[in-house]
file data_19.pdb (PDB, C-alpha atoms, pLDDT in the B column)
ATOM      1  CA  MET A   1       0.000   0.000   0.000  1.00 58.00           C
ATOM      2  CA  LEU A   2       1.181   3.338  -0.952  1.00 63.00           C
ATOM      3  CA  LYS A   3       1.361   6.183   1.377  1.00 65.00           C
ATOM      4  CA  PRO A   4      -0.402   9.250   0.265  1.00 65.00           C
ATOM      5  CA  ARG A   5       1.892  12.066  -0.451  1.00 68.00           C
ATOM      6  CA  PHE A   6       1.052  15.353   0.993  1.00 66.00           C
ATOM      7  CA  ARG A   7       2.601  18.271  -0.504  1.00 67.00           C
ATOM      8  CA  ARG A   8       3.521  21.067   1.713  1.00 66.00           C
ATOM      9  CA  ARG A   9       2.230  24.311   0.490  1.00 68.00           C
ATOM     10  CA  ARG A  10       4.796  26.964   0.470  1.00 69.00           C
ATOM     11  CA  LEU A  11       3.624  30.205   2.114  1.00 67.00           C
ATOM     12  CA  PRO A  12       4.502  33.303   0.165  1.00 73.00           C
ATOM     13  CA  ASN A  13       7.064  35.538   1.734  1.00 85.00           C
ATOM     14  CA  LEU A  14       6.391  39.148   2.690  1.00 85.00           C
ATOM     15  CA  ALA A  15       7.543  40.594  -0.645  1.00 88.00           C
ATOM     16  CA  ASP A  16       5.247  38.208  -2.555  1.00 87.00           C
ATOM     17  CA  GLN A  17       2.319  39.101  -0.300  1.00 89.00           C
ATOM     18  CA  PHE A  18       2.895  42.791  -0.908  1.00 92.00           C
ATOM     19  CA  ALA A  19       3.098  42.234  -4.678  1.00 92.00           C
ATOM     20  CA  ILE A  20      -0.193  40.306  -4.606  1.00 92.00           C
ATOM     21  CA  TRP A  21      -1.852  43.020  -2.514  1.00 93.00           C
ATOM     22  CA  LEU A  22      -0.569  45.755  -4.823  1.00 95.00           C
ATOM     23  CA  ASN A  23      -1.677  43.860  -7.936  1.00 96.00           C
ATOM     24  CA  GLN A  24      -5.206  43.445  -6.562  1.00 96.00           C
ATOM     25  CA  HIS A  25      -5.441  47.155  -5.729  1.00 97.00           C
ATOM     26  CA  VAL A  26      -4.175  48.201  -9.165  1.00 97.00           C
ATOM     27  CA  GLN A  27      -6.727  45.888 -10.834  1.00 97.00           C
ATOM     28  CA  SER A  28      -9.505  47.320  -8.657  1.00 96.00           C
ATOM     29  CA  ALA A  29      -8.461  50.916  -9.391  1.00 96.00           C
ATOM     30  CA  LEU A  30      -8.323  50.291 -13.151  1.00 96.00           C
ATOM     31  CA  ALA A  31     -11.722  48.549 -13.127  1.00 95.00           C
ATOM     32  CA  THR A  32     -13.208  51.460 -11.172  1.00 93.00           C
ATOM     33  CA  LEU A  33     -11.670  53.996 -13.534  1.00 93.00           C
ATOM     34  CA  GLY A  34     -13.118  52.091 -16.495  1.00 94.00           C
ATOM     35  CA  ARG A  35     -16.611  52.121 -14.940  1.00 93.00           C
ATOM     36  CA  LEU A  36     -16.272  55.866 -14.232  1.00 90.00           C
ATOM     37  CA  LEU A  37     -15.258  56.579 -17.831  1.00 92.00           C
ATOM     38  CA  ASP A  38     -18.206  54.536 -19.139  1.00 94.00           C
ATOM     39  CA  THR A  39     -20.642  56.860 -17.318  1.00 93.00           C
ATOM     40  CA  PRO A  40     -19.302  60.420 -17.746  1.00 93.00           C
ATOM     41  CA  LEU A  41     -22.445  62.360 -16.702  1.00 95.00           C
ATOM     42  CA  PRO A  42     -22.992  60.669 -13.331  1.00 93.00           C
ATOM     43  CA  THR A  43     -19.238  60.758 -12.737  1.00 92.00           C
ATOM     44  CA  GLY A  44     -19.089  64.497 -13.430  1.00 93.00           C
ATOM     45  CA  MET A  45     -22.058  65.165 -11.175  1.00 95.00           C
ATOM     46  CA  THR A  46     -20.476  63.126  -8.386  1.00 93.00           C
ATOM     47  CA  VAL A  47     -17.189  65.008  -8.722  1.00 93.00           C
ATOM     48  CA  ALA A  48     -19.097  68.321  -8.664  1.00 95.00           C
ATOM     49  CA  VAL A  49     -20.981  67.349  -5.498  1.00 95.00           C
ATOM     50  CA  ILE A  50     -17.759  66.289  -3.798  1.00 95.00           C
ATOM     51  CA  GLY A  51     -16.074  69.548  -4.858  1.00 94.00           C
ATOM     52  CA  ILE A  52     -18.937  71.665  -3.567  1.00 94.00           C
ATOM     53  CA  SER A  53     -19.098  69.729  -0.317  1.00 94.00           C
ATOM     54  CA  LEU A  54     -15.371  70.310   0.219  1.00 92.00           C
ATOM     55  CA  ALA A  55     -15.437  74.000  -0.786  1.00 95.00           C
ATOM     56  CA  LEU A  56     -18.585  74.974   1.127  1.00 94.00           C
ATOM     57  CA  PRO A  57     -17.162  74.719   4.667  1.00 93.00           C
ATOM     58  CA  GLY A  58     -14.107  76.744   3.660  1.00 92.00           C
ATOM     59  CA  ALA A  59     -16.223  79.449   2.053  1.00 94.00           C
ATOM     60  CA  LEU A  60     -18.529  79.600   5.070  1.00 94.00           C
ATOM     61  CA  TYR A  61     -15.525  79.874   7.383  1.00 94.00           C
ATOM     62  CA  VAL A  62     -14.108  82.789   5.380  1.00 94.00           C
ATOM     63  CA  LEU A  63     -17.527  84.496   5.345  1.00 94.00           C
ATOM     64  CA  ALA A  64     -18.012  84.027   9.086  1.00 92.00           C
ATOM     65  CA  ASP A  65     -14.494  85.295   9.826  1.00 90.00           C
ATOM     66  CA  ASN A  66     -15.026  88.390   7.658  1.00 89.00           C
ATOM     67  CA  LEU A  67     -18.386  89.096   9.313  1.00 88.00           C
ATOM     68  CA  ARG A  68     -16.832  88.693  12.769  1.00 85.00           C
ATOM     69  CA  THR A  69     -14.059  91.125  11.835  1.00 82.00           C
ATOM     70  CA  LEU A  70     -16.556  93.576  10.386  1.00 80.00           C
ATOM     71  CA  ALA A  71     -18.875  93.361  13.376  1.00 75.00           C
ATOM     72  CA  GLY A  72     -15.953  93.797  15.766  1.00 66.00           C
ATOM     73  CA  GLY A  73     -15.285  97.233  14.322  1.00 60.00           C
ATOM     74  CA  TRP A  74     -18.849  98.393  15.005  1.00 59.00           C
ATOM     75  CA  ASP A  75     -18.448  98.441  18.761  1.00 54.00           C
ATOM     76  CA  GLN A  76     -17.116 101.998  18.925  1.00 54.00           C
ATOM     77  CA  THR A  77     -18.219 103.539  15.637  1.00 62.00           C
ATOM     78  CA  ALA A  78     -20.401 106.162  17.294  1.00 75.00           C
ATOM     79  CA  ALA A  79     -18.397 109.248  18.186  1.00 80.00           C
ATOM     80  CA  ILE A  80     -18.714 112.991  18.357  1.00 84.00           C
ATOM     81  CA  SER A  81     -15.944 115.269  17.110  1.00 86.00           C
ATOM     82  CA  LEU A  82     -16.009 118.519  19.036  1.00 87.00           C
ATOM     83  CA  PHE A  83     -14.038 121.237  17.199  1.00 88.00           C
ATOM     84  CA  LEU A  84     -12.983 123.884  19.680  1.00 89.00           C
ATOM     85  CA  GLN A  85     -12.548 127.535  18.809  1.00 89.00           C
ATOM     86  CA  TYR A  86      -9.189 128.399  17.322  1.00 87.00           C
ATOM     87  CA  ASP A  87      -8.016 130.450  20.322  1.00 88.00           C
ATOM     88  CA  VAL A  88      -8.459 127.517  22.766  1.00 87.00           C
ATOM     89  CA  ASP A  89      -5.023 126.179  23.708  1.00 87.00           C
ATOM     90  CA  ASP A  90      -4.042 122.598  24.588  1.00 88.00           C
ATOM     91  CA  ALA A  91      -4.202 123.161  28.367  1.00 91.00           C
ATOM     92  CA  ALA A  92      -7.775 124.458  28.207  1.00 91.00           C
ATOM     93  CA  ALA A  93      -8.720 121.576  25.907  1.00 90.00           C
ATOM     94  CA  ASN A  94      -7.263 119.065  28.378  1.00 92.00           C
ATOM     95  CA  ASN A  95      -9.231 120.696  31.234  1.00 92.00           C
ATOM     96  CA  LEU A  96     -12.434 120.463  29.220  1.00 90.00           C
ATOM     97  CA  ALA A  97     -11.653 116.839  28.342  1.00 91.00           C
ATOM     98  CA  ASP A  98     -11.166 116.037  32.053  1.00 92.00           C
ATOM     99  CA  ARG A  99     -14.577 117.549  32.864  1.00 90.00           C
ATOM    100  CA  LEU A 100     -16.243 115.607  30.040  1.00 89.00           C
ATOM    101  CA  ARG A 101     -14.683 112.309  31.180  1.00 90.00           C
ATOM    102  CA  LYS A 102     -16.623 112.637  34.441  1.00 89.00           C
ATOM    103  CA  LEU A 103     -19.983 112.506  32.644  1.00 86.00           C
ATOM    104  CA  PRO A 104     -21.622 109.070  32.971  1.00 85.00           C
ATOM    105  CA  GLU A 105     -22.624 108.804  29.319  1.00 85.00           C
ATOM    106  CA  ILE A 106     -19.068 109.358  28.026  1.00 86.00           C
ATOM    107  CA  ALA A 107     -16.668 106.411  27.852  1.00 87.00           C
ATOM    108  CA  GLN A 108     -13.578 108.133  26.477  1.00 89.00           C
ATOM    109  CA  VAL A 109     -12.386 111.573  25.393  1.00 91.00           C
ATOM    110  CA  GLN A 110      -9.351 111.911  23.139  1.00 92.00           C
ATOM    111  CA  VAL A 111      -7.656 115.282  22.719  1.00 93.00           C
ATOM    112  CA  ILE A 112      -6.285 115.853  19.210  1.00 92.00           C
ATOM    113  CA  THR A 113      -3.889 118.778  19.307  1.00 91.00           C
ATOM    114  CA  ARG A 114      -3.272 121.149  16.419  1.00 88.00           C
ATOM    115  CA  GLU A 115       0.139 119.642  15.729  1.00 88.00           C
ATOM    116  CA  SER A 116      -1.041 116.043  15.737  1.00 90.00           C
ATOM    117  CA  ALA A 117      -3.978 116.967  13.474  1.00 84.00           C
ATOM    118  CA  LEU A 118      -1.624 118.688  11.032  1.00 83.00           C
ATOM    119  CA  ASP A 119       0.738 115.682  11.106  1.00 84.00           C
ATOM    120  CA  GLU A 120      -2.179 113.366  10.394  1.00 83.00           C
ATOM    121  CA  PHE A 121      -3.308 115.630   7.558  1.00 80.00           C
ATOM    122  CA  ARG A 122       0.207 115.492   6.083  1.00 79.00           C
ATOM    123  CA  ALA A 123       0.209 111.690   6.375  1.00 80.00           C
ATOM    124  CA  LEU A 124      -2.938 111.486   4.246  1.00 78.00           C
ATOM    125  CA  GLY A 125      -0.957 112.930   1.361  1.00 71.00           C
ATOM    126  CA  GLY A 126      -1.879 114.986  -1.645  1.00 73.00           C
ATOM    127  CA  PHE A 127      -1.710 118.355   0.092  1.00 72.00           C
ATOM    128  CA  GLU A 128       2.030 118.745   0.686  1.00 72.00           C
ATOM    129  CA  GLU A 129       2.410 121.839  -1.519  1.00 76.00           C
ATOM    130  CA  ALA A 130      -0.626 123.539  -0.004  1.00 76.00           C
ATOM    131  CA  LEU A 131       0.570 122.798   3.523  1.00 75.00           C
ATOM    132  CA  GLU A 132       3.997 124.262   2.729  1.00 77.00           C
ATOM    133  CA  GLN A 133       2.337 127.571   1.811  1.00 79.00           C
ATOM    134  CA  LEU A 134       0.742 127.919   5.261  1.00 79.00           C
ATOM    135  CA  LYS A 135       2.485 130.180   7.742  1.00 81.00           C
ATOM    136  CA  ASN A 136       0.362 129.109  10.714  1.00 84.00           C
ATOM    137  CA  ASN A 137      -1.464 125.906  11.523  1.00 83.00           C
ATOM    138  CA  PRO A 138      -5.146 126.603  10.668  1.00 84.00           C
ATOM    139  CA  LEU A 139      -6.502 123.506  12.401  1.00 85.00           C
ATOM    140  CA  PRO A 140      -8.235 123.797  15.793  1.00 90.00           C
ATOM    141  CA  VAL A 141      -7.948 121.479  18.767  1.00 91.00           C
ATOM    142  CA  VAL A 142     -10.471 118.636  18.472  1.00 91.00           C
ATOM    143  CA  LEU A 143     -12.023 116.475  21.167  1.00 91.00           C
ATOM    144  CA  ALA A 144     -13.041 113.009  19.979  1.00 90.00           C
ATOM    145  CA  ILE A 145     -15.818 111.929  22.327  1.00 88.00           C
ATOM    146  CA  TYR A 146     -16.801 108.253  22.492  1.00 87.00           C
ATOM    147  CA  PRO A 147     -20.065 107.513  24.321  1.00 86.00           C
ATOM    148  CA  GLN A 148     -20.790 104.526  26.533  1.00 84.00           C
ATOM    149  CA  PRO A 149     -22.252 101.556  24.588  1.00 79.00           C
ATOM    150  CA  GLY A 150     -25.744 102.245  25.932  1.00 76.00           C
ATOM    151  CA  TYR A 151     -25.639 105.815  24.579  1.00 76.00           C
ATOM    152  CA  SER A 152     -24.863 105.161  20.942  1.00 72.00           C
ATOM    153  CA  THR A 153     -28.281 105.438  19.288  1.00 77.00           C
ATOM    154  CA  PRO A 154     -28.753 108.437  16.971  1.00 79.00           C
ATOM    155  CA  GLU A 155     -31.311 110.028  19.292  1.00 83.00           C
ATOM    156  CA  GLN A 156     -29.041 109.734  22.322  1.00 82.00           C
ATOM    157  CA  LEU A 157     -26.114 111.127  20.337  1.00 80.00           C
ATOM    158  CA  GLU A 158     -28.193 114.155  19.344  1.00 83.00           C
ATOM    159  CA  VAL A 159     -29.107 114.776  22.992  1.00 83.00           C
ATOM    160  CA  MET A 160     -25.420 114.482  23.950  1.00 82.00           C
ATOM    161  CA  GLN A 161     -24.445 116.824  21.111  1.00 81.00           C
ATOM    162  CA  ASP A 162     -26.958 119.450  22.293  1.00 82.00           C
ATOM    163  CA  LYS A 163     -25.629 119.078  25.842  1.00 80.00           C
ATOM    164  CA  LEU A 164     -22.051 119.592  24.638  1.00 77.00           C
ATOM    165  CA  LEU A 165     -22.931 122.663  22.571  1.00 76.00           C
ATOM    166  CA  ASN A 166     -24.507 124.406  25.591  1.00 71.00           C
TER     167      ASN A 166
END

call {"tool": "encode", "arguments": {"input": "data_19.pdb", "output": "structure tokens"}}
result
Amino acid sequence: MLKPRFRRRRLPNLADQFAIWLNQHVQSALATLGRLLDTPLPTGMTVAVIGISLALPGALYVLADNLRTLAGGWDQTAAISLFLQYDVDDAAANNLADRLRKLPEIAQVQVITRESALDEFRALGGFEEALEQLKNNPLPVVLAIYPQPGYSTPEQLEVMQDKLLN
């Protein structure tokens, strides 16, 4: 009686396993590409949907960031510029600013001196030749008055303006 012969199956080594795995993935990718090219309209629509779904969150983020930046600048947009008479000097303007800072409806008062106003006017550009012709600084001292957040409606600003003028 003959003994049955069993053949030992040789297990593929790691390099052979990787080659088999890679070959199967290449075949699958080529078959998928062939199916995609056979149906161009559904493929194009699918690519468009994926593109929109990837671009939409980025666009919404940029929009939200721009709106946040824009809205952040609206906190202190209400202000009153009080132009003082030309003969008022910086010391008197600072005294007036100190008195105005004590009012409850005023958050901040900034004194803009004649020199700083002229320097700012020069920085804007376009008027260098005209400014060179001036012998004296024609700009008055200005008080920039910023109201408290609760006092920034147009009606409240008009009441504050009337109070400042008197």

call {"tool": "resolve_selection", "arguments": {"input": "data_19.pdb", "expression": "the PyMOL selection byres ((chain A and resi 149-152) around 9)", "output": "VMD selection string"}}
result
chain A and resid 75 to 79 105 to 107 146 to 148 153 to 157 160

call {"tool": "atom_distance", "arguments": {"input": "data_19.pdb", "atom1": "atom CA of A:Leu103", "atom2": "atom CA of A:Ser81"}}
result
16.3 Å

call {"tool": "residues_around", "arguments": {"input": "data_19.pdb", "residues": "A:Leu96", "least_positions_apart": "3", "cutoff": "12 Å", "atoms": "all atoms listed in the file", "output": "CSV table (one decimal) with C-alpha atoms, in the frame of the given file"}}
result
chain,number,residue,atom,x,y,z
A,82,LEU,CA,-16.0,118.5,19.0
A,84,LEU,CA,-13.0,123.9,19.7
A,88,VAL,CA,-8.5,127.5,22.8
A,89,ASP,CA,-5.0,126.2,23.7
A,90,ASP,CA,-4.0,122.6,24.6
A,91,ALA,CA,-4.2,123.2,28.4
A,92,ALA,CA,-7.8,124.5,28.2
A,93,ALA,CA,-8.7,121.6,25.9
A,99,ARG,CA,-14.6,117.5,32.9
A,100,LEU,CA,-16.2,115.6,30.0
A,101,ARG,CA,-14.7,112.3,31.2
A,102,LYS,CA,-16.6,112.6,34.4
A,103,LEU,CA,-20.0,112.5,32.6
A,109,VAL,CA,-12.4,111.6,25.4
A,110,GLN,CA,-9.4,111.9,23.1
A,111,VAL,CA,-7.7,115.3,22.7
A,141,VAL,CA,-7.9,121.5,18.8
A,142,VAL,CA,-10.5,118.6,18.5
A,143,LEU,CA,-12.0,116.5,21.2
A,144,ALA,CA,-13.0,113.0,20.0
A,145,ILE,CA,-15.8,111.9,22.3
A,164,LEU,CA,-22.1,119.6,24.6

call {"tool": "atom_distance", "arguments": {"input": "data_19.pdb", "atom1": "atom CA of A:Arg35", "atom2": "atom CA of A:Gln17"}}
result
27.2 Å

call {"tool": "atom_distance", "arguments": {"input": "data_19.pdb", "atom1": "atom CA of A:Gln133", "atom2": "atom CA of A:Glu115"}}
result
16.2 Å

call {"tool": "residues_around", "arguments": {"input": "data_19.pdb", "residues": "A:Pro140", "least_positions_apart": "6", "cutoff": "8 Å", "atoms": "all atoms listed in the file", "output": "PyMOL selection string"}}
result
chain A and resi 83-86+88+113-114
